[in-house]
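Below you'll find the structure, written out as structure tokens, and then a few comments.
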Amino acid sequence: MVARGSLLRSRIDRFCRDRRSGAAELARTAAGLLTQAIAIGYEGARLENLRIRLLEAHPDMAPVWHAVHHDEPARFAEDLERAAARTVRVVRRRLPRRARVVTLSWSSTVVAILSRRDFRVSVAESRPGGEGRKVVRHRSRLGLATTLIPDAALGRAVRNADAALVGADAVTPHHVVNKVGTLLLALACRHAGVPCLVAADRFKRVPASWPLPEGETLFEATPTSLFSAVLSDME
């Protein structure tokens, strides 16, 4: 039991330091941590303190919020997987065959959508974290070519694209919260007349009272009116 507790604490520490995984990945990890904690006897104040710590580590991630507040975290993880798979199918139907698609940052849902071999994908580097390079490495392992572009070249890239596609960390009734650069991409698409789509399953949805990012943060809130559509598993 002591060894299991020590291992769990190590995994919790890694979760709190993680600044590269997407919202869905973090939510799955949070659900797994809570499931492990309950299995080894966390309850009452101890379990509540863990929930608070997980939330405070990633306050902009709506799926983490949903995972932490779910009564059955193991079931939540299963529901999340089904929602993500459904979202992939919905968004793929909106993209033409052999589409040239621009994206940014890392989203496990977006990466799954764009894993079809006929898509031609360009991804912004997404500094300061450089998550775009993670996308390139992942697609390279699948044998899929990807063009890595500087963040400052997003405007030029969308002029040669059929669509742009981003994930989301949270979706309020009026804003999409995602990695810095999303607003620039949406504006560039609007100027170029190129569709800009958001892939966000039901667990990205939060009420209007959700606090939007402010000040120096890696995230920003982009008005939903700038996007062509926000697509989910509920379509």
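In the structure tokens, the first chain shown is A, the next is B, and so on; residue numbers restart at 1 for each chain, and ligands run from 1 in the order shown.
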Where in range 57-234 of chain A does DSSP assign strand (DSSP E or B), given as a PDB file with N, CA and C atoms, in the first residue's frame?
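Result went into selection15.pdb, see below:
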```
ATOM      1  N   ARG A 100      -6.208  20.778 -47.565  1.00  0.00           N
ATOM      2  CA  ARG A 100      -5.016  21.414 -47.009  1.00  0.00           C
ATOM      3  C   ARG A 100      -5.455  22.113 -45.726  1.00  0.00           C
ATOM      4  N   VAL A 101      -4.947  21.656 -44.598  1.00  0.00           N
ATOM      5  CA  VAL A 101      -5.438  22.108 -43.293  1.00  0.00           C
ATOM      6  C   VAL A 101      -4.300  22.734 -42.493  1.00  0.00           C
ATOM      7  N   VAL A 102      -4.588  23.894 -41.900  1.00  0.00           N
ATOM      8  CA  VAL A 102      -3.649  24.566 -41.000  1.00  0.00           C
ATOM      9  C   VAL A 102      -4.144  24.392 -39.571  1.00  0.00           C
ATOM     10  N   THR A 103      -3.235  24.091 -38.656  1.00  0.00           N
ATOM     11  CA  THR A 103      -3.598  23.963 -37.243  1.00  0.00           C
ATOM     12  C   THR A 103      -2.474  24.526 -36.391  1.00  0.00           C
ATOM     13  N   LEU A 104      -2.672  24.487 -35.091  1.00  0.00           N
ATOM     14  CA  LEU A 104      -1.634  24.948 -34.166  1.00  0.00           C
ATOM     15  C   LEU A 104      -1.727  24.173 -32.860  1.00  0.00           C
ATOM     16  N   ARG A 120      -3.382  17.211 -46.120  1.00  0.00           N
ATOM     17  CA  ARG A 120      -2.074  17.858 -46.149  1.00  0.00           C
ATOM     18  C   ARG A 120      -2.066  18.893 -45.029  1.00  0.00           C
ATOM     19  N   VAL A 121      -1.214  18.698 -44.065  1.00  0.00           N
ATOM     20  CA  VAL A 121      -1.295  19.444 -42.806  1.00  0.00           C
ATOM     21  C   VAL A 121      -0.096  20.360 -42.617  1.00  0.00           C
ATOM     22  N   SER A 122      -0.385  21.593 -42.235  1.00  0.00           N
ATOM     23  CA  SER A 122       0.632  22.550 -41.787  1.00  0.00           C
ATOM     24  C   SER A 122       0.308  22.906 -40.345  1.00  0.00           C
ATOM     25  N   VAL A 123       1.316  22.912 -39.478  1.00  0.00           N
ATOM     26  CA  VAL A 123       1.088  23.204 -38.067  1.00  0.00           C
ATOM     27  C   VAL A 123       2.035  24.307 -37.625  1.00  0.00           C
ATOM     28  N   ALA A 124       1.498  25.285 -36.911  1.00  0.00           N
ATOM     29  CA  ALA A 124       2.328  26.355 -36.368  1.00  0.00           C
ATOM     30  C   ALA A 124       3.198  25.819 -35.239  1.00  0.00           C
ATOM     31  N   THR A 146       4.252  16.446 -42.544  1.00  0.00           N
ATOM     32  CA  THR A 146       3.665  17.648 -41.955  1.00  0.00           C
ATOM     33  C   THR A 146       4.606  18.814 -42.190  1.00  0.00           C
ATOM     34  N   THR A 147       4.040  19.985 -42.513  1.00  0.00           N
ATOM     35  CA  THR A 147       4.838  21.188 -42.680  1.00  0.00           C
ATOM     36  C   THR A 147       4.786  22.000 -41.393  1.00  0.00           C
ATOM     37  N   LEU A 148       5.947  22.240 -40.785  1.00  0.00           N
ATOM     38  CA  LEU A 148       6.036  23.063 -39.587  1.00  0.00           C
ATOM     39  C   LEU A 148       6.277  24.505 -40.018  1.00  0.00           C
ATOM     40  N   ILE A 149       5.445  25.429 -39.524  1.00  0.00           N
ATOM     41  CA  ILE A 149       5.577  26.826 -39.936  1.00  0.00           C
ATOM     42  C   ILE A 149       5.781  27.717 -38.714  1.00  0.00           C
ATOM     43  N   ALA A 163      -8.911  24.893 -45.129  1.00  0.00           N
ATOM     44  CA  ALA A 163      -9.554  25.086 -43.826  1.00  0.00           C
ATOM     45  C   ALA A 163      -8.476  25.170 -42.753  1.00  0.00           C
ATOM     46  N   ALA A 164      -8.847  25.753 -41.632  1.00  0.00           N
ATOM     47  CA  ALA A 164      -8.036  25.705 -40.415  1.00  0.00           C
ATOM     48  C   ALA A 164      -8.833  24.939 -39.373  1.00  0.00           C
ATOM     49  N   LEU A 165      -8.132  24.243 -38.502  1.00  0.00           N
ATOM     50  CA  LEU A 165      -8.788  23.424 -37.480  1.00  0.00           C
ATOM     51  C   LEU A 165      -8.012  23.537 -36.180  1.00  0.00           C
ATOM     52  N   VAL A 166      -8.727  23.837 -35.091  1.00  0.00           N
ATOM     53  CA  VAL A 166      -8.094  23.903 -33.776  1.00  0.00           C
ATOM     54  C   VAL A 166      -8.919  23.094 -32.778  1.00  0.00           C
ATOM     55  N   ALA A 170     -11.525  24.984 -23.460  1.00  0.00           N
ATOM     56  CA  ALA A 170     -12.855  25.248 -22.902  1.00  0.00           C
ATOM     57  C   ALA A 170     -13.656  26.016 -23.942  1.00  0.00           C
ATOM     58  N   VAL A 171     -14.966  25.788 -23.934  1.00  0.00           N
ATOM     59  CA  VAL A 171     -15.874  26.511 -24.829  1.00  0.00           C
ATOM     60  C   VAL A 171     -17.017  27.070 -23.991  1.00  0.00           C
ATOM     61  N   HIS A 175     -17.095  32.271 -26.135  1.00  0.00           N
ATOM     62  CA  HIS A 175     -15.661  32.233 -26.398  1.00  0.00           C
ATOM     63  C   HIS A 175     -15.136  30.807 -26.501  1.00  0.00           C
ATOM     64  N   VAL A 176     -14.057  30.670 -27.234  1.00  0.00           N
ATOM     65  CA  VAL A 176     -13.279  29.436 -27.275  1.00  0.00           C
ATOM     66  C   VAL A 176     -11.938  29.725 -26.606  1.00  0.00           C
ATOM     67  N   VAL A 177     -11.616  28.999 -25.569  1.00  0.00           N
ATOM     68  CA  VAL A 177     -10.345  29.157 -24.870  1.00  0.00           C
ATOM     69  C   VAL A 177      -9.373  28.120 -25.422  1.00  0.00           C
ATOM     70  N   ASN A 178      -8.238  28.599 -25.907  1.00  0.00           N
ATOM     71  CA  ASN A 178      -7.248  27.692 -26.488  1.00  0.00           C
ATOM     72  C   ASN A 178      -5.872  28.362 -26.424  1.00  0.00           C
ATOM     73  N   LYS A 179      -4.861  27.684 -26.946  1.00  0.00           N
ATOM     74  CA  LYS A 179      -3.487  28.182 -26.913  1.00  0.00           C
ATOM     75  C   LYS A 179      -3.383  29.559 -27.590  1.00  0.00           C
ATOM     76  N   CYS A 196     -12.665  28.321 -40.547  1.00  0.00           N
ATOM     77  CA  CYS A 196     -11.886  28.022 -39.343  1.00  0.00           C
ATOM     78  C   CYS A 196     -12.786  27.250 -38.395  1.00  0.00           C
ATOM     79  N   LEU A 197     -12.463  25.993 -38.170  1.00  0.00           N
ATOM     80  CA  LEU A 197     -13.301  25.087 -37.392  1.00  0.00           C
ATOM     81  C   LEU A 197     -12.686  24.790 -36.032  1.00  0.00           C
ATOM     82  N   VAL A 198     -13.555  24.527 -35.061  1.00  0.00           N
ATOM     83  CA  VAL A 198     -13.130  24.122 -33.729  1.00  0.00           C
ATOM     84  C   VAL A 198     -13.672  22.723 -33.464  1.00  0.00           C
ATOM     85  N   ALA A 199     -12.811  21.814 -33.026  1.00  0.00           N
ATOM     86  CA  ALA A 199     -13.228  20.473 -32.612  1.00  0.00           C
ATOM     87  C   ALA A 199     -13.267  20.444 -31.091  1.00  0.00           C
ATOM     88  N   ARG A 205     -17.434  22.016 -22.925  1.00  0.00           N
ATOM     89  CA  ARG A 205     -18.458  23.052 -22.716  1.00  0.00           C
ATOM     90  C   ARG A 205     -18.522  23.454 -21.243  1.00  0.00           C
ATOM     91  N   PHE A 219      -2.779  30.816 -22.702  1.00  0.00           N
ATOM     92  CA  PHE A 219      -4.094  30.624 -23.297  1.00  0.00           C
ATOM     93  C   PHE A 219      -4.753  31.967 -23.576  1.00  0.00           C
ATOM     94  N   GLU A 220      -5.707  31.950 -24.500  1.00  0.00           N
ATOM     95  CA  GLU A 220      -6.459  33.154 -24.805  1.00  0.00           C
ATOM     96  C   GLU A 220      -7.887  32.778 -25.167  1.00  0.00           C
ATOM     97  N   ALA A 221      -8.784  33.743 -25.043  1.00  0.00           N
ATOM     98  CA  ALA A 221     -10.192  33.533 -25.374  1.00  0.00           C
ATOM     99  C   ALA A 221     -10.489  34.208 -26.706  1.00  0.00           C
ATOM    100  N   THR A 222     -10.995  33.438 -27.660  1.00  0.00           N
ATOM    101  CA  THR A 222     -11.353  33.948 -28.982  1.00  0.00           C
ATOM    102  C   THR A 222     -12.864  33.911 -29.126  1.00  0.00           C
ATOM    103  N   PRO A 223     -13.495  35.020 -29.550  1.00  0.00           N
ATOM    104  CA  PRO A 223     -14.953  35.012 -29.714  1.00  0.00           C
ATOM    105  C   PRO A 223     -15.405  33.906 -30.671  1.00  0.00           C
ATOM    106  N   ALA A 229     -17.477  27.244 -37.377  1.00  0.00           N
ATOM    107  CA  ALA A 229     -18.306  26.286 -36.613  1.00  0.00           C
ATOM    108  C   ALA A 229     -17.512  25.748 -35.443  1.00  0.00           C
ATOM    109  N   VAL A 230     -18.223  25.445 -34.364  1.00  0.00           N
ATOM    110  CA  VAL A 230     -17.658  24.720 -33.234  1.00  0.00           C
ATOM    111  C   VAL A 230     -18.348  23.365 -33.229  1.00  0.00           C
ATOM    112  N   LEU A 231     -17.613  22.317 -33.583  1.00  0.00           N
ATOM    113  CA  LEU A 231     -18.185  21.004 -33.824  1.00  0.00           C
ATOM    114  C   LEU A 231     -17.912  20.065 -32.652  1.00  0.00           C
TER     115      LEU A 231
END
```
Near range 66-85 of chain A, 10 Å: range 113-202 of chain A residue rows, closest pairs, only C-alpha atoms, as JSON lines:
```
{"residue": "A:Ile113", "atom": "CA", "partner": "A:Ala85", "partner_atom": "CA", "distance": 9.1}
{"residue": "A:Ala199", "atom": "CA", "partner": "A:Ala84", "partner_atom": "CA", "distance": 9.2}
{"residue": "A:Ala200", "atom": "CA", "partner": "A:Ala84", "partner_atom": "CA", "distance": 8.3}
{"residue": "A:Asp201", "atom": "CA", "partner": "A:Ala83", "partner_atom": "CA", "distance": 5.9}
{"residue": "A:Arg202", "atom": "CA", "partner": "A:Ala83", "partner_atom": "CA", "distance": 7.1}
```
With C-alpha atoms retained, write the just-selected residues as a PDB file, in the first residue's frame.
```pdb
ATOM      1  CA  ILE A 113      -8.969  13.932 -37.117  1.00  0.00           C
ATOM      2  CA  ALA A 199     -13.228  20.473 -32.612  1.00  0.00           C
ATOM      3  CA  ALA A 200     -14.597  20.394 -29.068  1.00  0.00           C
ATOM      4  CA  ASP A 201     -16.609  17.558 -27.532  1.00  0.00           C
ATOM      5  CA  ARG A 202     -19.282  18.054 -24.879  1.00  0.00           C
TER       6      ARG A 202
END
```
Find the residues near Ala30 in chain A: any atom within 8 Å, counting only C-alpha atoms, skip ones fewer than 3 places away on the same chain, and give them as an mmCIF file with C-alpha atoms, in the first residue's frame.
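So the final result, stored in selection.cif, reads:
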```
data_model
loop_
_atom_site.group_PDB
_atom_site.id
_atom_site.type_symbol
_atom_site.label_atom_id
_atom_site.label_comp_id
_atom_site.auth_asym_id
_atom_site.auth_seq_id
_atom_site.Cartn_x
_atom_site.Cartn_y
_atom_site.Cartn_z
ATOM 1 C CA PHE A 15 0.373 15.727 -13.904
ATOM 2 C CA LEU A 26 -5.046 15.738 -19.033
ATOM 3 C CA ALA A 27 -8.665 14.889 -18.235
ATOM 4 C CA LEU A 33 -5.420 9.453 -10.765
ATOM 5 C CA LEU A 34 -8.715 9.829 -8.950
ATOM 6 C CA LEU A 54 -5.688 18.661 -9.867
ATOM 7 C CA VAL A 64 -10.204 18.384 -16.171
ATOM 8 C CA ALA A 67 -13.273 14.815 -14.596
ATOM 9 C CA VAL A 68 -12.658 16.125 -11.100
#
```
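Counting only C-alpha atoms, the residue from A:Leu218, A:Leu144, A:Ala152, A:Ala157 that sits nearest to Glu131 in chain A is A:Leu218.
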- Write out as a ChimeraX atom specification all residues of range 23-193 of chain A that backbone DSSP assigns to helix (DSSP H, G or I). /A:23-39,44-57,62-69,73-94,108-113,131-141,151-159,182-192
Extract, using only C-alpha atoms, all DNA, RNA and protein residues at most 7 Å from Pro63 in chain A, discarding same-chain residues fewer than 5 positions from it, and format them as a PDB file with C-alpha atoms, in the first residue's frame.
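What landed in selection-v6.pdb:
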```pdb
ATOM      1  CA  ALA A  23      -7.067  19.086 -22.392  1.00  0.00           C
ATOM      2  CA  ALA A  24      -8.519  15.662 -23.211  1.00  0.00           C
ATOM      3  CA  ALA A  27      -8.665  14.889 -18.235  1.00  0.00           C
ATOM      4  CA  PHE A 203     -16.736  17.962 -22.054  1.00  0.00           C
ATOM      5  CA  LYS A 204     -15.172  21.187 -23.335  1.00  0.00           C
TER       6      LYS A 204
END
```
- Message: Can you pull out the residues contacting range 37-43 of chain A? Cut-off 8 Å, using only C-alpha atoms, and skip same-chain residues under 2 positions away; I want them as an MDAnalysis selection string.
- Response: chainID A and resid 1 4:5 8 33:35 45:48
Residues just named, written with N, CA and C atoms as a PDB file, in the first residue's frame:
```pdb
ATOM      1  N   MET A   1       0.822  -1.206   0.000  1.00  0.00           N
ATOM      2  CA  MET A   1       0.000   0.000   0.000  1.00  0.00           C
ATOM      3  C   MET A   1       0.859   1.260   0.000  1.00  0.00           C
ATOM      4  N   ARG A   4       2.237   1.813  -3.460  1.00  0.00           N
ATOM      5  CA  ARG A   4       1.204   2.315  -4.360  1.00  0.00           C
ATOM      6  C   ARG A   4       0.937   3.790  -4.096  1.00  0.00           C
ATOM      7  N   GLY A   5       0.959   4.179  -2.827  1.00  0.00           N
ATOM      8  CA  GLY A   5       0.741   5.585  -2.491  1.00  0.00           C
ATOM      9  C   GLY A   5       1.863   6.469  -2.987  1.00  0.00           C
ATOM     10  N   LEU A   8       1.534   6.844  -6.748  1.00  0.00           N
ATOM     11  CA  LEU A   8       0.441   7.755  -7.072  1.00  0.00           C
ATOM     12  C   LEU A   8       0.882   9.200  -6.885  1.00  0.00           C
ATOM     13  N   LEU A  33      -5.999   9.175 -12.077  1.00  0.00           N
ATOM     14  CA  LEU A  33      -5.420   9.453 -10.765  1.00  0.00           C
ATOM     15  C   LEU A  33      -6.471   9.355  -9.672  1.00  0.00           C
ATOM     16  N   LEU A  34      -7.643   9.893  -9.939  1.00  0.00           N
ATOM     17  CA  LEU A  34      -8.715   9.829  -8.950  1.00  0.00           C
ATOM     18  C   LEU A  34      -9.174   8.388  -8.736  1.00  0.00           C
ATOM     19  N   THR A  35      -9.250   7.630  -9.819  1.00  0.00           N
ATOM     20  CA  THR A  35      -9.642   6.224  -9.696  1.00  0.00           C
ATOM     21  C   THR A  35      -8.634   5.457  -8.845  1.00  0.00           C
ATOM     22  N   ALA A  45     -11.760  14.454   3.259  1.00  0.00           N
ATOM     23  CA  ALA A  45     -10.933  15.642   3.026  1.00  0.00           C
ATOM     24  C   ALA A  45      -9.720  15.324   2.173  1.00  0.00           C
ATOM     25  N   ARG A  46      -9.159  14.146   2.345  1.00  0.00           N
ATOM     26  CA  ARG A  46      -7.976  13.780   1.574  1.00  0.00           C
ATOM     27  C   ARG A  46      -8.294  13.711   0.080  1.00  0.00           C
ATOM     28  N   LEU A  47      -9.421  13.121  -0.253  1.00  0.00           N
ATOM     29  CA  LEU A  47      -9.824  13.032  -1.648  1.00  0.00           C
ATOM     30  C   LEU A  47     -10.181  14.414  -2.194  1.00  0.00           C
ATOM     31  N   GLU A  48     -10.848  15.218  -1.392  1.00  0.00           N
ATOM     32  CA  GLU A  48     -11.218  16.571  -1.826  1.00  0.00           C
ATOM     33  C   GLU A  48      -9.971  17.419  -2.073  1.00  0.00           C
TER      34      GLU A  48
END
```
